[in-house]
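So this one's query23.cif, mmCIF, C-alpha atoms and all ligand atoms:
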```
data_model
#
loop_
_atom_site.label_atom_id
_atom_site.label_comp_id
_atom_site.auth_asym_id
_atom_site.auth_seq_id
_atom_site.Cartn_x
_atom_site.Cartn_y
_atom_site.Cartn_z
CA MET A 564 -2.62 -6.23 -6.92
CA GLY A 565 -2.58 -7.70 -3.44
CA ALA A 566 -4.23 -10.98 -2.54
CA THR A 567 -7.70 -11.04 -1.01
CA ASN A 568 -7.86 -11.64 2.69
CA SER A 569 -11.31 -13.20 2.71
CA THR A 570 -11.66 -13.37 6.50
CA SER A 571 -10.89 -9.72 7.03
CA LYS A 572 -13.10 -8.82 4.05
CA ARG A 573 -15.99 -10.77 5.54
CA ARG A 574 -15.45 -8.92 8.80
CA LEU A 575 -15.41 -5.59 6.95
CA SER A 576 -18.48 -6.45 4.97
CA LYS A 577 -20.45 -7.31 8.10
CA ARG A 578 -19.40 -4.15 9.88
CA PHE A 579 -20.09 -1.79 7.00
CA HIS A 580 -23.46 -3.31 6.25
CA ASN A 581 -24.64 -2.59 9.78
CA ASN A 582 -24.62 1.06 8.90
CA ASN A 583 -26.36 0.85 5.57
CA PHE A 584 -28.55 3.89 4.95
CA LEU A 585 -28.94 6.39 2.17
CA ILE A 586 -25.75 8.34 1.55
CA ASN A 587 -27.63 11.47 0.60
CA ASP A 588 -28.99 11.77 4.15
CA SER A 589 -25.97 13.24 5.87
CA TYR A 590 -24.46 14.78 2.74
CA ASP A 591 -27.53 16.92 2.17
CA ARG A 592 -27.69 17.80 5.84
CA PHE A 593 -24.05 18.83 5.76
CA SER A 594 -24.33 20.77 2.51
CA ASN A 595 -27.30 22.63 3.93
CA ASN A 596 -25.08 23.81 6.76
CA ILE A 597 -22.67 25.45 4.36
CA PRO A 598 -24.67 26.70 1.39
CA SER A 599 -22.52 27.32 -1.66
CA SER A 600 -23.81 30.90 -1.84
CA LYS A 601 -21.97 31.55 1.45
CA ARG A 602 -18.71 30.30 0.03
CA ARG A 603 -16.13 32.11 -1.96
CA ILE A 604 -15.16 29.85 -4.77
CA SER A 605 -11.55 29.95 -5.86
CA SER A 606 -12.03 32.35 -8.72
CA GLU A 607 -13.61 34.86 -6.33
CA SER A 608 -10.93 34.58 -3.66
CA THR A 609 -9.33 37.66 -2.23
CA ILE A 610 -5.82 36.56 -2.88
CA SER A 611 -3.89 39.81 -2.80
CA SER A 612 -4.95 40.99 0.67
CA HIS A 613 -2.92 38.47 2.64
CA SER A 614 -0.91 36.66 0.03
CA THR A 615 2.62 35.51 0.75
CA ASN A 616 3.02 34.23 -2.80
CA SER A 617 4.84 35.50 -5.83
CA PHE A 618 1.58 35.40 -7.81
CA ASP A 619 -0.90 37.93 -6.57
CA ARG A 620 -3.59 37.82 -9.21
CA CYS A 621 -6.20 35.07 -9.56
CA THR A 622 -5.81 35.17 -13.30
CA GLU A 623 -2.26 33.87 -12.90
CA LEU A 624 -3.27 31.21 -10.43
CA ILE A 625 -6.38 29.75 -12.05
CA LYS A 626 -7.17 28.78 -15.63
CA THR A 627 -10.48 27.81 -17.19
CA PHE A 628 -10.79 24.59 -19.16
CA GLY A 629 -14.26 24.05 -20.61
CA SER A 630 -16.65 24.75 -17.77
CA ARG A 631 -14.09 23.85 -15.06
CA LYS A 632 -11.46 25.88 -13.22
CA TYR A 633 -7.98 24.49 -12.65
CA PHE A 634 -4.75 25.73 -11.17
CA ASN A 635 -2.16 27.17 -13.51
CA ARG A 636 0.40 24.39 -13.44
CA ASP A 637 3.30 26.84 -13.75
CA HIS A 638 2.60 27.73 -10.11
CA VAL A 639 0.59 24.94 -8.46
CA LYS A 640 0.89 21.19 -8.99
CA ASP A 641 -2.71 20.30 -7.95
CA ILE A 642 -4.22 17.90 -10.52
CA PHE A 643 -7.81 18.48 -9.36
CA PRO A 644 -10.06 21.39 -10.35
CA THR A 645 -10.62 24.27 -7.95
CA ASP A 646 -14.31 25.04 -8.26
CA ASN A 647 -17.63 24.45 -6.50
CA ASP A 648 -18.07 20.93 -7.84
CA GLU A 649 -14.68 19.87 -6.44
CA LEU A 650 -15.44 21.55 -3.10
CA LYS A 651 -18.62 19.48 -2.83
CA ARG A 652 -16.57 16.35 -3.49
CA LEU A 653 -14.17 17.38 -0.69
CA GLU A 654 -17.10 17.82 1.70
CA LEU A 655 -18.42 14.36 0.90
CA THR A 656 -14.90 12.97 1.31
CA HIS A 657 -14.72 14.56 4.77
CA ILE A 658 -17.98 12.88 5.82
CA TRP A 659 -16.74 9.52 4.56
CA ASN A 660 -13.31 9.99 6.17
CA LYS A 661 -14.83 10.88 9.50
CA GLU A 662 -17.03 7.80 9.50
CA LEU A 663 -14.21 5.56 8.31
CA TRP A 664 -12.00 6.62 11.25
CA GLU A 665 -15.03 6.52 13.53
CA GLY A 666 -14.86 10.23 14.33
CA GLN A 667 -11.20 10.03 15.43
CA SER A 668 -9.35 11.08 12.29
CA PHE A 669 -6.44 12.11 14.52
CA PHE A 670 -4.15 9.44 15.92
CA LEU A 671 -4.57 8.54 19.60
CA PRO A 672 -1.25 9.91 20.95
CA VAL A 673 -2.06 13.19 19.21
CA ASP A 674 -5.33 13.69 21.08
CA GLU A 675 -3.43 14.91 24.16
CA VAL A 676 -3.06 18.32 22.42
CA PHE A 677 -6.81 18.83 22.40
CA SER A 678 -6.97 18.81 26.20
CA ARG A 679 -4.85 21.97 26.35
CA ASN A 680 -5.12 25.34 24.60
CA ALA A 681 -3.37 23.94 21.56
CA LYS A 682 -2.60 25.76 18.32
CA VAL A 683 -3.33 23.60 15.28
CA LEU A 684 -2.41 24.23 11.62
CA ASP A 685 -4.40 22.56 8.80
CA ILE A 686 -2.25 22.44 5.63
CA GLY A 687 -4.18 22.61 2.31
CA CYS A 688 -7.39 23.02 4.30
CA GLY A 689 -9.66 23.33 1.22
CA THR A 690 -13.18 24.12 2.46
CA GLY A 691 -11.81 24.28 6.01
CA ILE A 692 -14.27 21.58 6.95
CA TRP A 693 -11.90 19.61 9.22
CA SER A 694 -10.77 22.72 11.11
CA LEU A 695 -14.31 24.03 11.50
CA ASP A 696 -15.48 20.65 12.73
CA MET A 697 -12.61 20.33 15.20
CA ALA A 698 -12.96 23.94 16.36
CA ARG A 699 -16.56 23.23 17.37
CA LYS A 700 -15.49 20.08 19.20
CA TYR A 701 -12.49 21.69 20.94
CA PRO A 702 -13.38 25.34 21.69
CA ASN A 703 -10.26 25.67 23.89
CA CYS A 704 -7.97 25.11 20.87
CA HIS A 705 -7.18 27.44 17.99
CA PHE A 706 -7.23 26.18 14.40
CA THR A 707 -5.59 27.87 11.40
CA GLY A 708 -6.46 26.74 7.88
CA PHE A 709 -3.74 27.31 5.29
CA ASP A 710 -4.38 27.03 1.56
CA ILE A 711 -3.32 28.52 -1.73
CA VAL A 712 -6.92 29.65 -2.34
CA ASP A 713 -9.49 30.90 0.15
CA ASN A 714 -12.54 28.65 0.15
CA PHE A 715 -13.36 29.10 3.82
CA PRO A 716 -17.10 29.70 4.26
CA LEU A 717 -17.42 33.40 4.96
CA GLU A 718 -20.19 33.45 7.51
CA LEU A 719 -19.48 30.30 9.46
CA LYS A 720 -16.07 31.20 10.79
CA GLN A 721 -15.78 30.59 14.49
CA SER A 722 -13.71 32.75 16.83
CA ASN A 723 -11.18 29.95 17.36
CA VAL A 724 -10.56 29.45 13.62
CA ASP A 725 -8.69 31.60 11.15
CA PHE A 726 -7.36 31.25 7.65
CA ALA A 727 -4.04 32.07 5.99
CA LEU A 728 -3.28 32.17 2.32
CA GLY A 729 -0.02 30.85 0.88
CA ASN A 730 1.86 28.20 -1.03
CA ILE A 731 3.38 25.52 1.19
CA LEU A 732 6.14 25.04 -1.39
CA GLU A 733 7.20 28.66 -0.95
CA GLY A 734 7.48 28.19 2.82
CA LEU A 735 5.05 28.67 5.68
CA PRO A 736 4.78 32.22 7.07
CA TYR A 737 5.33 31.07 10.68
CA ASP A 738 8.25 30.89 13.09
CA ASP A 739 9.77 27.56 14.09
CA ASN A 740 7.76 25.58 16.70
CA THR A 741 4.61 27.75 16.39
CA PHE A 742 1.96 25.00 16.42
CA ASP A 743 1.28 22.09 18.78
CA LEU A 744 -0.07 20.06 15.88
CA VAL A 745 0.31 20.42 12.13
CA PHE A 746 -2.22 18.37 10.18
CA MET A 747 -2.32 17.60 6.44
CA ARG A 748 -4.99 15.52 4.70
CA ASN A 749 -5.51 14.31 1.14
CA MET A 750 -2.75 16.29 -0.52
CA LYS A 751 -1.34 13.52 -2.73
CA GLY A 752 -2.79 15.15 -5.86
CA CYS A 753 -1.01 18.46 -5.08
CA LEU A 754 2.56 17.39 -4.32
CA SER A 755 5.04 15.91 -6.75
CA GLN A 756 7.25 13.14 -5.37
CA LYS A 757 10.12 15.63 -5.45
CA ASP A 758 8.16 18.18 -3.38
CA TYR A 759 7.20 15.92 -0.48
CA ASN A 760 10.43 16.43 1.38
CA LYS A 761 10.27 20.21 1.07
CA CYS A 762 6.66 20.26 2.24
CA LEU A 763 7.23 17.91 5.18
CA GLN A 764 10.35 19.84 6.26
CA GLU A 765 8.23 22.99 6.51
CA ILE A 766 5.53 21.17 8.45
CA ILE A 767 8.10 19.80 10.89
CA ARG A 768 9.77 23.21 11.24
CA VAL A 769 6.61 25.03 12.37
CA SER A 770 5.42 22.23 14.66
CA SER A 771 6.55 22.15 18.27
CA ARG A 772 5.09 18.75 19.05
CA TRP A 773 3.04 16.63 16.65
CA ILE A 774 2.55 16.23 12.95
CA LEU A 775 -0.27 14.17 11.49
CA ILE A 776 -0.79 13.14 7.85
CA LEU A 777 -3.92 11.43 6.50
CA ASP A 778 -4.26 10.15 2.94
CA SER A 779 -4.97 7.08 0.85
CA ASP A 780 -3.14 4.79 -1.56
CA ILE A 781 -5.16 4.21 -4.73
CA ILE A 782 -4.44 0.49 -5.14
CA LEU A 783 -7.86 -0.96 -6.13
CA ILE A 784 -7.19 -4.38 -4.64
CA ASP A 785 -9.52 -6.96 -6.31
CA GLY A 786 -10.95 -4.17 -8.44
CA GLY A 787 -11.92 -5.87 -11.71
CA PRO A 788 -10.27 -5.66 -15.17
CA LEU A 789 -11.81 -2.42 -16.51
CA ALA A 790 -11.12 -0.48 -13.32
CA ASN A 791 -7.61 -1.88 -13.05
CA GLN A 792 -6.77 -0.92 -16.62
CA LEU A 793 -8.14 2.61 -16.19
CA ARG A 794 -6.31 2.99 -12.90
CA GLU A 795 -3.03 1.98 -14.49
CA GLU A 796 -3.46 4.36 -17.44
CA VAL A 797 -4.41 7.31 -15.26
CA LEU A 798 -1.74 6.73 -12.61
CA ASP A 799 0.98 6.29 -15.25
CA GLU A 800 -0.08 9.52 -16.94
CA LEU A 801 -0.01 11.46 -13.66
CA MET A 802 3.41 10.07 -12.79
CA LYS A 803 4.84 10.69 -16.26
CA ASN A 804 3.50 14.21 -16.72
CA TYR A 805 3.47 15.61 -13.19
CA ASP A 806 5.58 13.30 -11.01
CA ILE A 807 2.43 12.76 -8.92
CA ASN A 808 2.27 9.42 -7.08
CA MET A 809 -1.25 8.37 -6.08
CA MET A 810 0.18 5.84 -3.60
CA PRO A 811 2.12 8.21 -1.36
CA SER A 812 2.31 6.28 1.95
CA SER A 813 5.84 4.94 1.44
CA ILE A 814 7.22 8.34 0.32
CA ILE A 815 5.74 10.06 3.37
CA ARG A 816 6.94 7.34 5.74
CA LYS A 817 10.46 7.50 4.36
CA CYS A 818 10.66 11.32 4.62
CA LEU A 819 9.49 11.14 8.25
CA GLU A 820 11.69 8.21 9.21
CA ASP A 821 14.76 9.92 7.71
CA ASN A 822 14.15 13.10 9.72
CA ASN A 823 16.20 13.07 12.91
CA GLN A 824 13.96 15.65 14.61
CA LEU A 825 11.12 13.13 14.81
CA SER A 826 10.41 10.19 17.07
CA ASP A 827 7.35 8.08 17.99
CA ILE A 828 6.35 7.59 14.36
CA HIS A 829 3.05 5.71 14.23
CA PHE A 830 1.61 4.35 10.99
CA GLU A 831 -1.85 2.87 10.65
CA ASP A 832 -3.66 1.80 7.51
CA LYS A 833 -7.19 0.62 6.98
CA GLN A 834 -9.01 -1.16 4.19
CA CYS A 835 -11.79 0.89 2.68
CA PRO A 836 -14.29 -1.12 0.66
CA ILE A 837 -15.33 0.12 -2.78
CA GLY A 838 -18.96 -0.38 -3.75
CA GLU A 839 -22.15 -1.80 -2.33
CA TRP A 840 -20.48 -4.81 -0.71
CA GLY A 841 -19.03 -2.31 1.80
CA GLY A 842 -22.44 -0.92 2.84
CA ARG A 843 -22.72 2.81 3.36
CA LEU A 844 -18.97 3.46 3.55
CA GLY A 845 -18.30 1.41 0.42
CA THR A 846 -21.10 3.13 -1.50
CA LEU A 847 -19.84 6.54 -0.42
CA TYR A 848 -16.27 5.70 -1.38
CA LEU A 849 -17.32 4.39 -4.81
CA GLU A 850 -19.10 7.70 -5.45
CA ILE A 851 -16.14 9.78 -4.22
CA LEU A 852 -13.61 7.80 -6.27
CA LYS A 853 -15.70 7.99 -9.43
CA TRP A 854 -16.23 11.72 -8.91
CA ALA A 855 -12.48 12.22 -8.36
CA THR A 856 -11.62 10.18 -11.47
CA LYS A 857 -13.99 12.27 -13.60
CA ASN A 858 -12.63 15.48 -12.08
CA LEU A 859 -9.13 14.45 -13.16
CA TYR A 860 -9.98 14.62 -16.84
CA HIS A 861 -8.12 17.85 -17.49
CA SER A 862 -4.90 16.34 -16.07
CA VAL A 863 -5.08 13.19 -18.22
CA SER A 864 -6.73 14.69 -21.30
CA THR A 865 -4.04 13.35 -23.64
CA LEU A 866 -5.39 9.82 -23.05
CA TYR A 867 -8.93 10.16 -24.39
CA SER A 868 -11.50 12.68 -25.56
CA GLU A 869 -13.69 13.85 -22.66
CA GLU A 870 -16.64 11.83 -23.96
CA GLU A 871 -14.59 8.62 -24.30
CA TYR A 872 -13.03 9.15 -20.88
CA ASN A 873 -16.37 9.65 -19.12
CA LEU A 874 -17.72 6.52 -20.78
CA LYS A 875 -14.69 4.51 -19.67
CA VAL A 876 -15.07 5.80 -16.10
CA ASP A 877 -18.81 4.91 -16.09
CA GLU A 878 -18.11 1.38 -17.34
CA ALA A 879 -15.19 0.80 -14.97
CA PHE A 880 -17.15 1.94 -11.92
CA GLU A 881 -20.26 0.00 -12.92
CA GLU A 882 -18.03 -3.09 -13.00
CA LEU A 883 -16.20 -2.10 -9.81
CA ASN A 884 -19.48 -2.02 -7.92
CA HIS A 885 -19.90 -5.75 -8.60
CA TYR A 886 -16.44 -6.67 -7.33
CA ASN A 887 -15.38 -6.85 -3.68
CA GLY A 888 -12.57 -4.35 -4.23
CA TYR A 889 -10.96 -2.07 -1.71
CA ASP A 890 -8.34 0.66 -1.30
CA MET A 891 -6.09 1.54 1.62
CA VAL A 892 -6.34 4.73 3.67
CA PHE A 893 -3.62 5.59 6.14
CA ARG A 894 -2.64 8.01 8.84
CA ILE A 895 0.83 8.73 10.15
CA CYS A 896 1.73 10.74 13.20
CA ALA A 897 5.15 11.67 14.52
CA LYS A 898 6.45 13.60 17.50
CA LYS A 899 9.00 16.39 17.19
CA ASN A 900 11.83 16.36 19.70
CA VAL A 901 11.98 20.05 20.58
CA GLU A 902 12.79 19.38 24.25
CA LYS A 903 15.72 17.15 23.39
CA ARG A 904 17.26 19.80 21.18
CA LYS A 905 16.78 22.48 23.85
CA SER A 906 18.43 20.37 26.53
CA LEU A 907 21.24 19.52 24.15
CA LYS A 908 21.89 23.25 23.70
CA LYS A 909 21.90 23.69 27.50
CA ILE A 910 24.45 20.94 27.95
CA VAL A 911 26.67 22.46 25.28
CA ARG A 912 26.44 25.90 26.95
CA ASN A 913 27.26 24.53 30.43
CA THR A 914 30.39 22.70 29.42
C1 LIG B 1 -7.60 17.65 -2.27
S1 LIG B 1 -7.75 19.16 -1.47
C2 LIG B 1 -7.72 18.66 0.24
C3 LIG B 1 -8.49 19.62 1.14
C4 LIG B 1 -8.52 19.25 2.62
N1 LIG B 1 -7.21 18.97 3.14
C5 LIG B 1 -9.46 18.10 2.88
O1 LIG B 1 -8.99 17.01 3.25
O2 LIG B 1 -10.68 18.32 2.75
C6 LIG B 1 -6.18 19.90 -1.67
C7 LIG B 1 -6.12 21.36 -1.21
O3 LIG B 1 -4.74 21.76 -1.24
C8 LIG B 1 -4.67 23.08 -1.76
N2 LIG B 1 -3.32 23.25 -2.32
C9 LIG B 1 -2.84 22.70 -3.48
N3 LIG B 1 -1.54 23.02 -3.64
C10 LIG B 1 -1.20 23.80 -2.58
C11 LIG B 1 0.00 24.46 -2.18
N4 LIG B 1 1.10 24.36 -2.91
N5 LIG B 1 0.00 25.16 -1.02
C12 LIG B 1 -1.13 25.27 -0.27
N6 LIG B 1 -2.29 24.67 -0.60
C13 LIG B 1 -2.33 23.94 -1.73
C14 LIG B 1 -5.79 23.15 -2.78
O4 LIG B 1 -6.20 24.48 -3.00
C15 LIG B 1 -6.88 22.30 -2.09
O5 LIG B 1 -7.71 23.10 -1.30
#
```
Go through the file and emit its structure as structure tokens.
Amino acid sequence: MGATNSTSKRRLSKRFHNNNFLINDSYDRFSNNIPSSKRRISSESTISSHSTNSFDRCTELIKTFGSRKYFNRDHVKDIFPTDNDELKRLELTHIWNKELWEGQSFFLPVDEVFSRNAKVLDIGCGTGIWSLDMARKYPNCHFTGFDIVDNFPLELKQSNVDFALGNILEGLPYDDNTFDLVFMRNMKGCLSQKDYNKCLQEIIRVSSRWILILDSDIILIDGGPLANQLREEVLDELMKNYDINMMPSSIIRKCLEDNNQLSDIHFEDKQCPIGEWGGRLGTLYLEILKWATKNLYHSVSTLYSEEEYNLKVDEAFEELNHYNGYDMVFRICAKKNVEKRKSLKKIVRNT
């Protein structure tokens, strides 16, 4: 665990407390905008109509475990459930993420694409909430959500947003250099360490300009003994059984830095407080993290019975709320050198 930087924590604490109001305010407002009755949940998705996958029936893709729905791990690595409860967690995560990055979840050099008629691809778009949000903000741009299941809200689609179904690990159904920006957020629970390179290669292939990745490293700095122990057990189990690394920043950075088609790689990370000491953002993040940990049960069920696990999570998060712990979120953007390669070809042809 890293050492506490008390000055920066004090600064964080002050800033986050300025914005301290009830978390349910904006969550309820947001949820009211997209009622769950207007959403297709995964098990109701129309997979076969535009599938590019080798599995065309939902029954092969999704399995039921107790009252929850999960991906069939023979096909999809995702460790989280794929049902309404998880979609609500993703919506809350979007609200928190947006506030954490102060409404600018894209990186500054990337924002030049939004001033033109850019084409943007959102990998593993989930509820489509980022694309829908951005499509409202930038009506001149076109956003495509891509996911292995269709959870796009049916009635709220805007004319500058569409959705495509497919498995990133089986390749993206687009030509090289199709999109000005390819964006991927919070996919660390869906990609094994081995798969990152394959996934990022595809993202780079279909981008003509920028790629942007947003995620977090689950480090729990200064998190307290119960939370630290639970974190270690859960993360070890995910690594051992699924090759899933819940601290993916260094893997992603390395894949991007090793790719000779990319330049201008920018990395930025940010502390995100966990618990009441971090005001509204800290309280939101505590709730999201606890919800995510509980939703992981199916993927770590060899550790404890469900009852024992839920009790452990409750105790660990109760304790965590009284510590000044924090995690790290990060964003990485990189520019693809399409022009350079074109001019290189020209030079070769002319000589
Ligand atoms: C944790 S959610 C993130 C959703 C969204 N990016 C966000 O930030 O709100 C992960 C999403 O990736 C999708 N997914 C998982 N494995 C995938 C794959 N191999 N190809 C495409 N989508 C995948 C899941 O269906 C889920 O919607």
Check which residues fall inside 8 Å of ligand LIG 1 (chain B) when counting only C-alpha atoms and all ligand atoms, and print them as a ChimeraX atom specification.
/A:639-641,643,645,653-654,656-657,685-693,709-714,728-733,747-754
Expressed in Å to a single decimal, how great is the separation between atom CA of Gln756 of chain A and atom CA of Lys817 of chain A?
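A separation of 11.7 Å between them.
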Counting all atoms listed in the file, the option among A:Asn791, A:Trp854, A:Ala698, A:Phe628 closest to Asp877 of chain A:
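For Asp877 of chain A, the nearest of the given residues is A:Trp854.
Straight-line separation from atom CA of Ile782 of chain A to atom CA of Val892 of chain A: 10.0 Å.
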Residue with the minimum atom-to-atom distance to Asp832 of chain A, picked from A:Lys682, A:Arg894, A:Arg772, A:Lys803 with all atoms listed in the file counted, is A:Arg894
Would you mind completing segment 754-785 of chain A so that it carries N, CA and C atoms, and writing it out as a PDB file, in the frame of the given file?
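Once everything was written out, this is out32.pdb:
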```pdb
ATOM      1  N   LEU A 754       1.119  17.375  -4.591  1.00  0.00           N
ATOM      2  CA  LEU A 754       2.560  17.390  -4.320  1.00  0.00           C
ATOM      3  C   LEU A 754       3.257  16.384  -5.210  1.00  0.00           C
ATOM      4  N   SER A 755       4.260  16.853  -5.945  1.00  0.00           N
ATOM      5  CA  SER A 755       5.040  15.910  -6.750  1.00  0.00           C
ATOM      6  C   SER A 755       5.908  15.108  -5.781  1.00  0.00           C
ATOM      7  N   GLN A 756       6.422  13.968  -6.249  1.00  0.00           N
ATOM      8  CA  GLN A 756       7.250  13.140  -5.370  1.00  0.00           C
ATOM      9  C   GLN A 756       8.445  13.957  -4.868  1.00  0.00           C
ATOM     10  N   LYS A 757       8.947  14.807  -5.766  1.00  0.00           N
ATOM     11  CA  LYS A 757      10.120  15.630  -5.450  1.00  0.00           C
ATOM     12  C   LYS A 757       9.792  16.653  -4.336  1.00  0.00           C
ATOM     13  N   ASP A 758       8.522  17.100  -4.310  1.00  0.00           N
ATOM     14  CA  ASP A 758       8.160  18.180  -3.380  1.00  0.00           C
ATOM     15  C   ASP A 758       7.835  17.703  -1.968  1.00  0.00           C
ATOM     16  N   TYR A 759       7.635  16.393  -1.802  1.00  0.00           N
ATOM     17  CA  TYR A 759       7.200  15.920  -0.480  1.00  0.00           C
ATOM     18  C   TYR A 759       8.167  16.329   0.624  1.00  0.00           C
ATOM     19  N   ASN A 760       9.468  16.150   0.343  1.00  0.00           N
ATOM     20  CA  ASN A 760      10.430  16.430   1.380  1.00  0.00           C
ATOM     21  C   ASN A 760      10.389  17.892   1.807  1.00  0.00           C
ATOM     22  N   LYS A 761      10.327  18.774   0.792  1.00  0.00           N
ATOM     23  CA  LYS A 761      10.270  20.210   1.070  1.00  0.00           C
ATOM     24  C   LYS A 761       9.047  20.551   1.939  1.00  0.00           C
ATOM     25  N   CYS A 762       7.912  19.988   1.538  1.00  0.00           N
ATOM     26  CA  CYS A 762       6.660  20.260   2.240  1.00  0.00           C
ATOM     27  C   CYS A 762       6.720  19.729   3.678  1.00  0.00           C
ATOM     28  N   LEU A 763       7.199  18.496   3.840  1.00  0.00           N
ATOM     29  CA  LEU A 763       7.230  17.910   5.180  1.00  0.00           C
ATOM     30  C   LEU A 763       8.256  18.615   6.076  1.00  0.00           C
ATOM     31  N   GLN A 764       9.353  19.083   5.481  1.00  0.00           N
ATOM     32  CA  GLN A 764      10.350  19.840   6.260  1.00  0.00           C
ATOM     33  C   GLN A 764       9.711  21.094   6.866  1.00  0.00           C
ATOM     34  N   GLU A 765       8.897  21.783   6.044  1.00  0.00           N
ATOM     35  CA  GLU A 765       8.230  22.990   6.510  1.00  0.00           C
ATOM     36  C   GLU A 765       7.235  22.679   7.635  1.00  0.00           C
ATOM     37  N   ILE A 766       6.505  21.593   7.440  1.00  0.00           N
ATOM     38  CA  ILE A 766       5.530  21.170   8.450  1.00  0.00           C
ATOM     39  C   ILE A 766       6.236  20.879   9.776  1.00  0.00           C
ATOM     40  N   ILE A 767       7.349  20.167   9.671  1.00  0.00           N
ATOM     41  CA  ILE A 767       8.100  19.800  10.890  1.00  0.00           C
ATOM     42  C   ILE A 767       8.684  21.063  11.538  1.00  0.00           C
ATOM     43  N   ARG A 768       9.159  21.979  10.702  1.00  0.00           N
ATOM     44  CA  ARG A 768       9.770  23.210  11.240  1.00  0.00           C
ATOM     45  C   ARG A 768       8.785  24.004  12.107  1.00  0.00           C
ATOM     46  N   VAL A 769       7.537  24.159  11.629  1.00  0.00           N
ATOM     47  CA  VAL A 769       6.610  25.030  12.370  1.00  0.00           C
ATOM     48  C   VAL A 769       5.883  24.288  13.494  1.00  0.00           C
ATOM     49  N   SER A 770       6.058  22.971  13.571  1.00  0.00           N
ATOM     50  CA  SER A 770       5.420  22.230  14.660  1.00  0.00           C
ATOM     51  C   SER A 770       6.344  22.199  15.873  1.00  0.00           C
ATOM     52  N   SER A 771       5.725  22.265  17.058  1.00  0.00           N
ATOM     53  CA  SER A 771       6.550  22.150  18.270  1.00  0.00           C
ATOM     54  C   SER A 771       6.377  20.775  18.896  1.00  0.00           C
ATOM     55  N   ARG A 772       5.408  20.003  18.365  1.00  0.00           N
ATOM     56  CA  ARG A 772       5.090  18.750  19.050  1.00  0.00           C
ATOM     57  C   ARG A 772       4.712  17.614  18.100  1.00  0.00           C
ATOM     58  N   TRP A 773       3.531  17.740  17.475  1.00  0.00           N
ATOM     59  CA  TRP A 773       3.040  16.630  16.650  1.00  0.00           C
ATOM     60  C   TRP A 773       2.853  17.035  15.204  1.00  0.00           C
ATOM     61  N   ILE A 774       3.048  16.059  14.307  1.00  0.00           N
ATOM     62  CA  ILE A 774       2.550  16.230  12.950  1.00  0.00           C
ATOM     63  C   ILE A 774       1.677  15.022  12.621  1.00  0.00           C
ATOM     64  N   LEU A 775       0.673  15.247  11.802  1.00  0.00           N
ATOM     65  CA  LEU A 775      -0.270  14.170  11.490  1.00  0.00           C
ATOM     66  C   LEU A 775      -0.666  14.259  10.012  1.00  0.00           C
ATOM     67  N   ILE A 776      -0.477  13.152   9.282  1.00  0.00           N
ATOM     68  CA  ILE A 776      -0.790  13.140   7.850  1.00  0.00           C
ATOM     69  C   ILE A 776      -1.838  12.050   7.598  1.00  0.00           C
ATOM     70  N   LEU A 777      -2.893  12.400   6.886  1.00  0.00           N
ATOM     71  CA  LEU A 777      -3.920  11.430   6.500  1.00  0.00           C
ATOM     72  C   LEU A 777      -4.063  11.402   4.988  1.00  0.00           C
ATOM     73  N   ASP A 778      -4.068  10.228   4.395  1.00  0.00           N
ATOM     74  CA  ASP A 778      -4.260  10.150   2.940  1.00  0.00           C
ATOM     75  C   ASP A 778      -4.653   8.737   2.569  1.00  0.00           C
ATOM     76  N   SER A 779      -4.626   8.441   1.280  1.00  0.00           N
ATOM     77  CA  SER A 779      -4.970   7.080   0.850  1.00  0.00           C
ATOM     78  C   SER A 779      -4.025   6.663  -0.264  1.00  0.00           C
ATOM     79  N   ASP A 780      -3.870   5.353  -0.426  1.00  0.00           N
ATOM     80  CA  ASP A 780      -3.140   4.790  -1.560  1.00  0.00           C
ATOM     81  C   ASP A 780      -4.185   4.226  -2.512  1.00  0.00           C
ATOM     82  N   ILE A 781      -4.174   4.696  -3.754  1.00  0.00           N
ATOM     83  CA  ILE A 781      -5.160   4.210  -4.730  1.00  0.00           C
ATOM     84  C   ILE A 781      -4.621   2.905  -5.321  1.00  0.00           C
ATOM     85  N   ILE A 782      -4.995   1.785  -4.705  1.00  0.00           N
ATOM     86  CA  ILE A 782      -4.440   0.490  -5.140  1.00  0.00           C
ATOM     87  C   ILE A 782      -5.484  -0.349  -5.885  1.00  0.00           C
ATOM     88  N   LEU A 783      -6.752  -0.162  -5.558  1.00  0.00           N
ATOM     89  CA  LEU A 783      -7.860  -0.960  -6.130  1.00  0.00           C
ATOM     90  C   LEU A 783      -7.577  -2.469  -6.036  1.00  0.00           C
ATOM     91  N   ILE A 784      -7.429  -2.944  -4.836  1.00  0.00           N
ATOM     92  CA  ILE A 784      -7.190  -4.380  -4.640  1.00  0.00           C
ATOM     93  C   ILE A 784      -8.481  -5.128  -5.012  1.00  0.00           C
ATOM     94  N   ASP A 785      -8.363  -6.181  -5.833  1.00  0.00           N
ATOM     95  CA  ASP A 785      -9.520  -6.960  -6.310  1.00  0.00           C
ATOM     96  C   ASP A 785     -10.541  -6.094  -7.038  1.00  0.00           C
TER      97      ASP A 785
END
```
